[in-house]
Amino acid sequence: MRATRNTENIMEDIKQYMKGVGQQARAASRIVAQADTNAKNHALENIATAILLNTNKLLAENAKDVASAKSNGLDDASIDRLTLTEKTIKGMAEGLRQIAALADPIGEISDMKYRPSGIQVGKMRVPLGVIGIIYESRPNVTADAAGLCLKSGNAAILRGGSEAIHSNQAIAACVHRGLREVGLPETAVQVVNTTDRAAVGELITMKEYVDVIVPRGGKSLIARISDEAKVPVIKHLDGICHVYIDDEADLVKAIRIADNAKTHRYGVCNAMETLLVNANVAAKVLPELCAIYIRKGVELRGDDASRNLVAQMKVATEEDWHTEYLAPILSVRVVANVDEAIDHINTYSSQHTDSIVTENYTKAMRFLREVDSASVMVNASTRFADGFEYGLGAEIGISTDKIHARGPVGLEGLTSQKYIVLGNGQIRV
């Protein structure tokens, strides 16, 4: 009975704590929404300076997290993402300065048109309000998220993973210093100070205080957030990305693109997971391309036609076409034509990023129109699906949703638009 009471007390404490965080964020969001560009940019510059001045402090706090993660058996890849170095700290500061250099989207007016009544109707870009961001391992996300939310006029509630609590709190102190120095409320960026997972449950259901949730992490985290949230979520679950090599492709280009799309980095959401090759060129391109993959240690899983050309391939199962490997494993299928390629992609793709390699303009345009993904490419590696590469400066994540934001989510993706009307005494008759 006593244990039950203690649990209930802890839950109530977390509920009250998160309610307070939400109330403070809502109040701060109204102030940040009114802040001019100079104030926001100066805050970003000040945060960057504070991060650099506190390099030793950040490294010391991060060392606590890394030591704890190792003692708790965290895997090497997670520890790598968790670890801060002088280089990554300089990168955080540089990222904030890059955000400061971006155009401020807030207040931008577009599409102004006169109506027959004499009124002018257009749209103005405005902040979303309060953005909750839930992420794992990477402490640099704390700085990136704070900077993007601030520049787009939003308040942020950041809930990092328990493994990075000391690092995130140290970075938050730098953020708060930068906000104070320009007279903006520290509560414009709050880092949740409890590692209890119940805080996440509260954050994603606080409809009265939070306008949107952005989860960044593994599939299980994002799936949980998507299933349980009562607040709108900007997300992607999988990155099952495809490259289709057409029979009218430049095969030199095709090999370079397909190699890069898979082997540039394996554990990222925009890496190719399935290669589709037109039957008319499969015998020319697959042996040469697969020799590159095999030399780089990529495990190949193919359909019958692919395995007839490359003996080292294992048998691809139905499950393989549905799988985001995030590893040196690749599914390969030979298709009859662009129609079959598009059909395969729209059946198995996670609607993240898909690319065609072809010199045929008509096929390229068909692929762009008919493939239902957030990023669709012609003659380019899927690895370009990234906010920085798209000229957004930075991104809060990548969305495969179809409403509001789709693809890499930068400053504009953290805003909305409202209609504005300019009149001169008109009344409706």
# chains A, B, ... in the order shown; residues from 1 in each chain; ligands from 1
$ select_by_dssp --residues "region 15-171 of chain A" --states "strand (DSSP E or B)" --output "NGL selection string"
:A and (109-114 or 120-127 or 130-135 or 155-159)
$ residues_around --residues "Ile329 (chain A)" --least-positions-apart "3" --cutoff "12 Å" --atoms "only C-alpha atoms" --output "MDAnalysis selection string"
chainID A and resid 262:263 265:267 271:275 290 293:294 296:302 313:314 316 320:321 323:326 332
$ atom_distance --atom1 "CA of Ile99 (chain A)" --atom2 "CA of Lys123 (chain A)"
23.8 Å
$ residues_around --residues "region 376-392 of chain A" --least-positions-apart "6" --cutoff "8 Å" --atoms "only C-alpha atoms" --output "JSON, numbers by chain"
{"A": [241, 242, 243, 253, 254, 257, 258, 260, 261, 264, 270, 271, 272, 353, 354, 355, 356, 357, 358, 364, 367, 368, 398, 407, 408, 409, 410, 411]}
$ atom_distance --atom1 "CA of Thr362 (chain A)" --atom2 "CA of Ser306 (chain A)"
26.6 Å
